[in-house]
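Here is upload22.cif, consisting of mmCIF, C-alpha atoms:
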data_target
#
loop_
_atom_site.label_atom_id
_atom_site.label_comp_id
_atom_site.auth_asym_id
_atom_site.auth_seq_id
_atom_site.Cartn_x
_atom_site.Cartn_y
_atom_site.Cartn_z
CA MET A 272 -27.07 1.85 -11.81
CA SER A 273 -26.66 -1.40 -13.70
CA VAL A 274 -23.18 -2.15 -15.06
CA ALA A 275 -22.10 -4.71 -17.68
CA LEU A 276 -18.57 -6.03 -18.10
CA SER A 277 -17.51 -7.78 -21.32
CA LEU A 278 -15.69 -11.01 -20.41
CA ASP A 279 -13.34 -13.50 -21.99
CA PRO A 280 -13.57 -17.24 -21.13
CA GLU A 281 -11.28 -16.81 -18.09
CA GLY A 282 -13.40 -14.11 -16.45
CA ASN A 283 -11.18 -11.22 -17.44
CA ILE A 284 -12.27 -8.17 -19.39
CA ALA A 285 -12.28 -9.27 -23.04
CA GLY A 286 -9.58 -7.70 -25.20
CA SER A 287 -12.34 -6.30 -27.40
CA LEU A 288 -16.09 -6.11 -27.11
CA GLY A 289 -16.49 -8.11 -30.33
CA LYS A 290 -14.56 -11.02 -28.86
CA GLY A 291 -16.29 -11.11 -25.48
CA VAL A 292 -18.01 -14.44 -24.79
CA GLU A 293 -20.29 -13.27 -22.00
CA LEU A 294 -21.45 -10.23 -20.11
CA LEU A 295 -21.37 -9.94 -16.35
CA ILE A 296 -24.24 -7.66 -15.36
CA ILE A 297 -24.18 -6.19 -11.87
CA SER A 298 -27.33 -4.43 -10.69
CA ALA A 299 -27.58 -1.52 -8.26
CA ASP A 300 -28.44 -3.98 -5.47
CA ASP A 301 -25.27 -6.00 -6.27
CA LYS A 302 -27.03 -8.94 -7.95
CA ARG A 303 -24.84 -10.57 -10.58
CA ILE A 304 -25.90 -12.47 -13.68
CA ARG A 305 -23.84 -13.81 -16.57
CA ILE A 306 -25.34 -13.95 -20.03
CA PRO A 307 -23.87 -14.94 -23.39
CA SER A 308 -22.59 -11.94 -25.32
CA GLU A 309 -24.68 -11.62 -28.47
CA TRP A 310 -24.95 -9.13 -31.30
CA PRO A 311 -26.39 -6.62 -31.57
CA VAL A 312 -24.93 -5.87 -28.16
CA VAL A 313 -26.75 -2.53 -27.90
CA SER A 314 -30.13 -4.30 -27.93
CA LEU A 315 -28.91 -6.83 -25.40
CA LEU A 316 -27.72 -4.11 -23.01
CA LYS A 317 -31.03 -2.26 -23.37
CA LYS A 318 -32.95 -5.48 -22.67
CA TYR A 319 -31.15 -5.78 -19.32
CA SER A 320 -31.43 -2.03 -18.56
CA VAL A 321 -27.67 -1.56 -18.46
CA ASP A 322 -26.54 2.01 -17.78
CA CYS A 323 -22.77 1.51 -18.13
CA LEU A 324 -20.56 -0.85 -20.14
CA ILE A 325 -16.98 -1.58 -19.10
CA CYS A 326 -14.97 -3.17 -21.90
CA GLY A 327 -11.63 -3.51 -23.65
CA LYS A 328 -11.41 -2.22 -27.20
CA ILE A 329 -14.57 -1.23 -29.02
CA GLY A 330 -15.50 -0.34 -32.58
CA ASN A 331 -16.32 3.29 -33.36
CA CYS A 332 -19.76 2.39 -34.72
CA THR A 333 -20.74 0.43 -31.61
CA LEU A 334 -19.38 3.16 -29.35
CA GLU A 335 -21.51 5.75 -31.13
CA LEU A 336 -24.63 3.57 -30.94
CA LEU A 337 -24.17 3.03 -27.21
CA GLU A 338 -23.70 6.74 -26.64
CA LEU A 339 -26.89 7.47 -28.64
CA GLU A 340 -28.75 5.08 -26.33
CA LYS A 341 -27.36 6.96 -23.30
CA ILE A 342 -25.29 3.97 -22.17
CA GLN A 343 -22.07 5.16 -20.58
CA VAL A 344 -19.02 3.37 -22.00
CA VAL A 345 -15.77 2.85 -20.11
CA PRO A 346 -13.45 1.43 -22.81
CA GLY A 347 -9.78 0.55 -22.86
CA VAL A 348 -9.97 -1.60 -19.72
CA SER A 349 -8.17 -4.84 -18.90
CA GLY A 350 -7.91 -7.14 -15.90
CA GLU A 351 -9.94 -9.55 -13.79
CA ALA A 352 -13.63 -8.58 -13.85
CA GLU A 353 -14.35 -8.36 -10.12
CA MET A 354 -11.17 -6.34 -9.52
CA VAL A 355 -12.03 -4.02 -12.41
CA PHE A 356 -15.55 -3.51 -11.02
CA ALA A 357 -14.18 -2.68 -7.55
CA GLN A 358 -11.73 -0.19 -9.05
CA TRP A 359 -14.54 1.40 -11.08
CA GLN A 360 -16.73 1.70 -7.97
CA ASN A 361 -13.89 3.40 -6.10
CA GLY A 362 -13.09 5.78 -8.96
CA LYS A 363 -9.63 4.25 -9.42
CA LEU A 364 -10.09 2.41 -12.73
CA GLU A 365 -7.31 3.08 -15.23
CA THR A 366 -7.99 2.88 -18.95
CA ASP A 367 -5.93 2.76 -22.12
CA ASP A 368 -6.35 5.82 -24.33
CA LYS A 369 -6.23 3.80 -27.58
CA PHE A 370 -9.33 1.64 -27.66
CA THR A 371 -11.20 2.02 -30.96
CA CYS A 372 -10.81 0.40 -34.36
CA ALA A 373 -9.72 3.79 -35.71
CA ASP A 374 -6.88 3.81 -33.16
CA ALA A 375 -5.78 0.48 -34.67
CA GLY A 376 -5.88 1.90 -38.22
CA MET A 377 -9.10 0.10 -39.22
CA THR A 378 -12.14 1.54 -40.94
CA CYS A 379 -15.75 1.31 -39.82
CA GLY A 380 -17.34 -2.06 -40.49
CA TYR A 381 -14.06 -3.95 -40.51
CA CYS A 382 -13.72 -4.61 -36.81
CA ARG A 383 -16.85 -6.68 -36.00
CA GLY A 384 -15.45 -9.92 -34.68
CA LYS A 385 -11.91 -9.09 -35.76
CA PHE A 386 -10.94 -6.30 -33.41
#
Render the structure in this file as structure tokens.
Amino acid sequence: MSVALSLDPEGNIAGSLGKGVELLIISADDKRIRIPSEWPVVSLLKKYSVDCLICGKIGNCTLELLELEKIQVVPGVSGEAEMVFAQWQNGKLETDDKFTCADAGMTCGYCRGKF
């Protein structure tokens, strides 16, 4: 399974997917690559055969698109990327239950780059 983590400039999980500056992609054989986070992120994740995305907040529209593409999404996450990945691997990753633009009182289309 290939996993992508949305990162801020300091190597932590970005507060929201739309504000992530790069993706850390970890392959099943533990190879790691960092690529600039670009939109549309769904196409980018498909290009790198990502099966799971770990991120902070995420817009409802993007969440739905990822789910349609059968990419598992683990939203509402914060912390240092390598620690988060280890917790995810061990089944001990804790998430926030309010992670979408709707949870923040926004409507679809508003959050891109602002959420």
key: Minimum-distance residue to Trp310 (chain A), chosen among A:Asp279, A:Glu351, A:Glu293, A:Glu335 (using all atoms listed in the file)   = A:Glu293
Extract, using only C-alpha atoms, all DNA, RNA and protein residues at most 12 Å from Pro307 (chain A), discarding same-chain residues fewer than 5 positions from it, and format them as a PDB file with C-alpha atoms, in the frame of the given file.
ATOM      1  CA  ALA A 275     -22.100  -4.710 -17.680  1.00  0.00           C
ATOM      2  CA  LEU A 276     -18.570  -6.030 -18.100  1.00  0.00           C
ATOM      3  CA  SER A 277     -17.510  -7.780 -21.320  1.00  0.00           C
ATOM      4  CA  LEU A 278     -15.690 -11.010 -20.410  1.00  0.00           C
ATOM      5  CA  ASP A 279     -13.340 -13.500 -21.990  1.00  0.00           C
ATOM      6  CA  PRO A 280     -13.570 -17.240 -21.130  1.00  0.00           C
ATOM      7  CA  LYS A 290     -14.560 -11.020 -28.860  1.00  0.00           C
ATOM      8  CA  GLY A 291     -16.290 -11.110 -25.480  1.00  0.00           C
ATOM      9  CA  VAL A 292     -18.010 -14.440 -24.790  1.00  0.00           C
ATOM     10  CA  GLU A 293     -20.290 -13.270 -22.000  1.00  0.00           C
ATOM     11  CA  LEU A 294     -21.450 -10.230 -20.110  1.00  0.00           C
ATOM     12  CA  LEU A 295     -21.370  -9.940 -16.350  1.00  0.00           C
ATOM     13  CA  ILE A 296     -24.240  -7.660 -15.360  1.00  0.00           C
ATOM     14  CA  VAL A 312     -24.930  -5.870 -28.160  1.00  0.00           C
ATOM     15  CA  LEU A 315     -28.910  -6.830 -25.400  1.00  0.00           C
ATOM     16  CA  LEU A 316     -27.720  -4.110 -23.010  1.00  0.00           C
TER      17      LEU A 316
END
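Here CA of Gly282 (chain A) is placed at a distance of 22.3 Å from CA of Lys317 (chain A).
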task = Extract, using all atoms listed in the file, all DNA, RNA and protein residues at most 12 Å from Met354 (chain A), discarding same-chain residues fewer than 3 positions from it, and format them as a PyMOL selection string.
result = chain A and resi 276+282-284+348-351+357-361+363-365
Based on the selection just made, write C-alpha atoms of those residues as an mmCIF file, keeping the file's coordinate frame.
data_model
loop_
_atom_site.group_PDB
_atom_site.id
_atom_site.type_symbol
_atom_site.label_atom_id
_atom_site.label_comp_id
_atom_site.auth_asym_id
_atom_site.auth_seq_id
_atom_site.Cartn_x
_atom_site.Cartn_y
_atom_site.Cartn_z
ATOM 1 C CA LEU A 276 -18.570 -6.030 -18.100
ATOM 2 C CA GLY A 282 -13.400 -14.110 -16.450
ATOM 3 C CA ASN A 283 -11.180 -11.220 -17.440
ATOM 4 C CA ILE A 284 -12.270 -8.170 -19.390
ATOM 5 C CA VAL A 348 -9.970 -1.600 -19.720
ATOM 6 C CA SER A 349 -8.170 -4.840 -18.900
ATOM 7 C CA GLY A 350 -7.910 -7.140 -15.900
ATOM 8 C CA GLU A 351 -9.940 -9.550 -13.790
ATOM 9 C CA ALA A 357 -14.180 -2.680 -7.550
ATOM 10 C CA GLN A 358 -11.730 -0.190 -9.050
ATOM 11 C CA TRP A 359 -14.540 1.400 -11.080
ATOM 12 C CA GLN A 360 -16.730 1.700 -7.970
ATOM 13 C CA ASN A 361 -13.890 3.400 -6.100
ATOM 14 C CA LYS A 363 -9.630 4.250 -9.420
ATOM 15 C CA LEU A 364 -10.090 2.410 -12.730
ATOM 16 C CA GLU A 365 -7.310 3.080 -15.230
#
request  = Kindly give the distance, in Å, that separates CA of Pro346 (chain A) and CA of Tyr319 (chain A), rounded to a single decimal.
outcome  = 19.4 Å
inquiry  = Could you check the closest approach to Ser273 (chain A) for each of A:Glu340, A:Glu353, A:Glu309, A:Asp301 and tell me which residue wins, using all atoms listed in the file?
reply    = A:Asp301
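Nearest to Gln343 (chain A) of all the residues A:Val355, A:Val274, A:Ile329, A:Leu288 is A:Val274, based on all atoms listed in the file.
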query = Which residue out of A:Lys341, A:Ile306, A:Glu281, A:Gly327 has the minimum interatomic distance to Thr366 (chain A) when only C-alpha atoms are used?
reply = A:Gly327
key: Top pick for closest residue to Leu336 (chain A), considering A:Met272, A:Ala352, A:Val313, A:Val321 and counting all atoms listed in the file   = A:Val313
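Ranking A:Cys326, A:Val344, A:Leu339, A:Ile304 by their shortest atom-to-atom distance to Gly289 (chain A), with only C-alpha atoms included, puts A:Cys326 first.
Straight-line separation from CA of Ala285 (chain A) to CA of Lys369 (chain A): 15.1 Å.
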Once 6 Å is added on each side, what are the centre and the three edge lengths, in Å to one decimal, of the axis-aligned box enclosing the listed atoms of region 286-305 of chain A? Present them as JSON.
{"center_x": -19.0, "center_y": -8.0, "center_z": -17.9, "size_x": 30.9, "size_y": 24.9, "size_z": 36.9}
Would you mind putting N, CA and C atoms back on region 295-321 of chain A and writing the result as a PDB file, in the coordinates of the input?
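Produced file out28.pdb, reproduced below:
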ATOM      1  N   LEU A 295     -21.052  -9.903 -17.764  1.00  0.00           N
ATOM      2  CA  LEU A 295     -21.370  -9.940 -16.350  1.00  0.00           C
ATOM      3  C   LEU A 295     -22.154  -8.664 -16.074  1.00  0.00           C
ATOM      4  N   ILE A 296     -23.404  -8.818 -15.656  1.00  0.00           N
ATOM      5  CA  ILE A 296     -24.240  -7.660 -15.360  1.00  0.00           C
ATOM      6  C   ILE A 296     -24.421  -7.579 -13.856  1.00  0.00           C
ATOM      7  N   ILE A 297     -24.077  -6.418 -13.308  1.00  0.00           N
ATOM      8  CA  ILE A 297     -24.180  -6.190 -11.870  1.00  0.00           C
ATOM      9  C   ILE A 297     -25.197  -5.076 -11.649  1.00  0.00           C
ATOM     10  N   SER A 298     -26.256  -5.403 -10.919  1.00  0.00           N
ATOM     11  CA  SER A 298     -27.330  -4.430 -10.690  1.00  0.00           C
ATOM     12  C   SER A 298     -26.985  -3.523  -9.512  1.00  0.00           C
ATOM     13  N   ALA A 299     -27.792  -2.492  -9.343  1.00  0.00           N
ATOM     14  CA  ALA A 299     -27.580  -1.520  -8.260  1.00  0.00           C
ATOM     15  C   ALA A 299     -27.619  -2.194  -6.892  1.00  0.00           C
ATOM     16  N   ASP A 300     -28.382  -3.274  -6.756  1.00  0.00           N
ATOM     17  CA  ASP A 300     -28.440  -3.980  -5.470  1.00  0.00           C
ATOM     18  C   ASP A 300     -27.435  -5.132  -5.398  1.00  0.00           C
ATOM     19  N   ASP A 301     -26.411  -5.080  -6.266  1.00  0.00           N
ATOM     20  CA  ASP A 301     -25.270  -6.000  -6.270  1.00  0.00           C
ATOM     21  C   ASP A 301     -25.604  -7.433  -6.705  1.00  0.00           C
ATOM     22  N   LYS A 302     -26.734  -7.621  -7.389  1.00  0.00           N
ATOM     23  CA  LYS A 302     -27.030  -8.940  -7.950  1.00  0.00           C
ATOM     24  C   LYS A 302     -26.217  -9.092  -9.220  1.00  0.00           C
ATOM     25  N   ARG A 303     -25.690 -10.303  -9.431  1.00  0.00           N
ATOM     26  CA  ARG A 303     -24.840 -10.570 -10.580  1.00  0.00           C
ATOM     27  C   ARG A 303     -25.450 -11.679 -11.437  1.00  0.00           C
ATOM     28  N   ILE A 304     -25.495 -11.424 -12.741  1.00  0.00           N
ATOM     29  CA  ILE A 304     -25.900 -12.470 -13.680  1.00  0.00           C
ATOM     30  C   ILE A 304     -24.884 -12.482 -14.824  1.00  0.00           C
ATOM     31  N   ARG A 305     -24.706 -13.659 -15.398  1.00  0.00           N
ATOM     32  CA  ARG A 305     -23.840 -13.810 -16.570  1.00  0.00           C
ATOM     33  C   ARG A 305     -24.724 -14.276 -17.719  1.00  0.00           C
ATOM     34  N   ILE A 306     -24.576 -13.580 -18.844  1.00  0.00           N
ATOM     35  CA  ILE A 306     -25.340 -13.950 -20.030  1.00  0.00           C
ATOM     36  C   ILE A 306     -24.391 -14.038 -21.220  1.00  0.00           C
ATOM     37  N   PRO A 307     -24.705 -14.877 -22.193  1.00  0.00           N
ATOM     38  CA  PRO A 307     -23.870 -14.940 -23.390  1.00  0.00           C
ATOM     39  C   PRO A 307     -23.860 -13.581 -24.099  1.00  0.00           C
ATOM     40  N   SER A 308     -22.705 -13.183 -24.561  1.00  0.00           N
ATOM     41  CA  SER A 308     -22.590 -11.940 -25.320  1.00  0.00           C
ATOM     42  C   SER A 308     -23.079 -12.195 -26.726  1.00  0.00           C
ATOM     43  N   GLU A 309     -24.080 -11.445 -27.146  1.00  0.00           N
ATOM     44  CA  GLU A 309     -24.680 -11.620 -28.470  1.00  0.00           C
ATOM     45  C   GLU A 309     -24.707 -10.283 -29.180  1.00  0.00           C
ATOM     46  N   TRP A 310     -24.812 -10.341 -30.501  1.00  0.00           N
ATOM     47  CA  TRP A 310     -24.950  -9.130 -31.300  1.00  0.00           C
ATOM     48  C   TRP A 310     -26.365  -9.062 -31.824  1.00  0.00           C
ATOM     49  N   PRO A 311     -26.983  -7.923 -31.867  1.00  0.00           N
ATOM     50  CA  PRO A 311     -26.390  -6.620 -31.570  1.00  0.00           C
ATOM     51  C   PRO A 311     -26.335  -6.366 -30.057  1.00  0.00           C
ATOM     52  N   VAL A 312     -25.161  -6.044 -29.585  1.00  0.00           N
ATOM     53  CA  VAL A 312     -24.930  -5.870 -28.160  1.00  0.00           C
ATOM     54  C   VAL A 312     -25.732  -4.707 -27.586  1.00  0.00           C
ATOM     55  N   VAL A 313     -25.988  -3.691 -28.386  1.00  0.00           N
ATOM     56  CA  VAL A 313     -26.750  -2.530 -27.900  1.00  0.00           C
ATOM     57  C   VAL A 313     -28.142  -2.982 -27.462  1.00  0.00           C
ATOM     58  N   SER A 314     -28.801  -3.792 -28.274  1.00  0.00           N
ATOM     59  CA  SER A 314     -30.130  -4.300 -27.930  1.00  0.00           C
ATOM     60  C   SER A 314     -30.086  -5.162 -26.676  1.00  0.00           C
ATOM     61  N   LEU A 315     -29.063  -5.967 -26.564  1.00  0.00           N
ATOM     62  CA  LEU A 315     -28.910  -6.830 -25.400  1.00  0.00           C
ATOM     63  C   LEU A 315     -28.742  -5.998 -24.121  1.00  0.00           C
ATOM     64  N   LEU A 316     -27.925  -4.965 -24.182  1.00  0.00           N
ATOM     65  CA  LEU A 316     -27.720  -4.110 -23.010  1.00  0.00           C
ATOM     66  C   LEU A 316     -29.004  -3.373 -22.643  1.00  0.00           C
ATOM     67  N   LYS A 317     -29.749  -2.931 -23.638  1.00  0.00           N
ATOM     68  CA  LYS A 317     -31.030  -2.260 -23.370  1.00  0.00           C
ATOM     69  C   LYS A 317     -32.022  -3.232 -22.739  1.00  0.00           C
ATOM     70  N   LYS A 318     -32.034  -4.469 -23.209  1.00  0.00           N
ATOM     71  CA  LYS A 318     -32.950  -5.480 -22.670  1.00  0.00           C
ATOM     72  C   LYS A 318     -32.732  -5.674 -21.177  1.00  0.00           C
ATOM     73  N   TYR A 319     -31.484  -5.598 -20.735  1.00  0.00           N
ATOM     74  CA  TYR A 319     -31.150  -5.780 -19.320  1.00  0.00           C
ATOM     75  C   TYR A 319     -31.008  -4.457 -18.573  1.00  0.00           C
ATOM     76  N   SER A 320     -31.441  -3.369 -19.189  1.00  0.00           N
ATOM     77  CA  SER A 320     -31.430  -2.030 -18.560  1.00  0.00           C
ATOM     78  C   SER A 320     -30.056  -1.633 -18.040  1.00  0.00           C
ATOM     79  N   VAL A 321     -29.037  -1.908 -18.840  1.00  0.00           N
ATOM     80  CA  VAL A 321     -27.670  -1.560 -18.460  1.00  0.00           C
ATOM     81  C   VAL A 321     -27.440  -0.064 -18.689  1.00  0.00           C
TER      82      VAL A 321
END
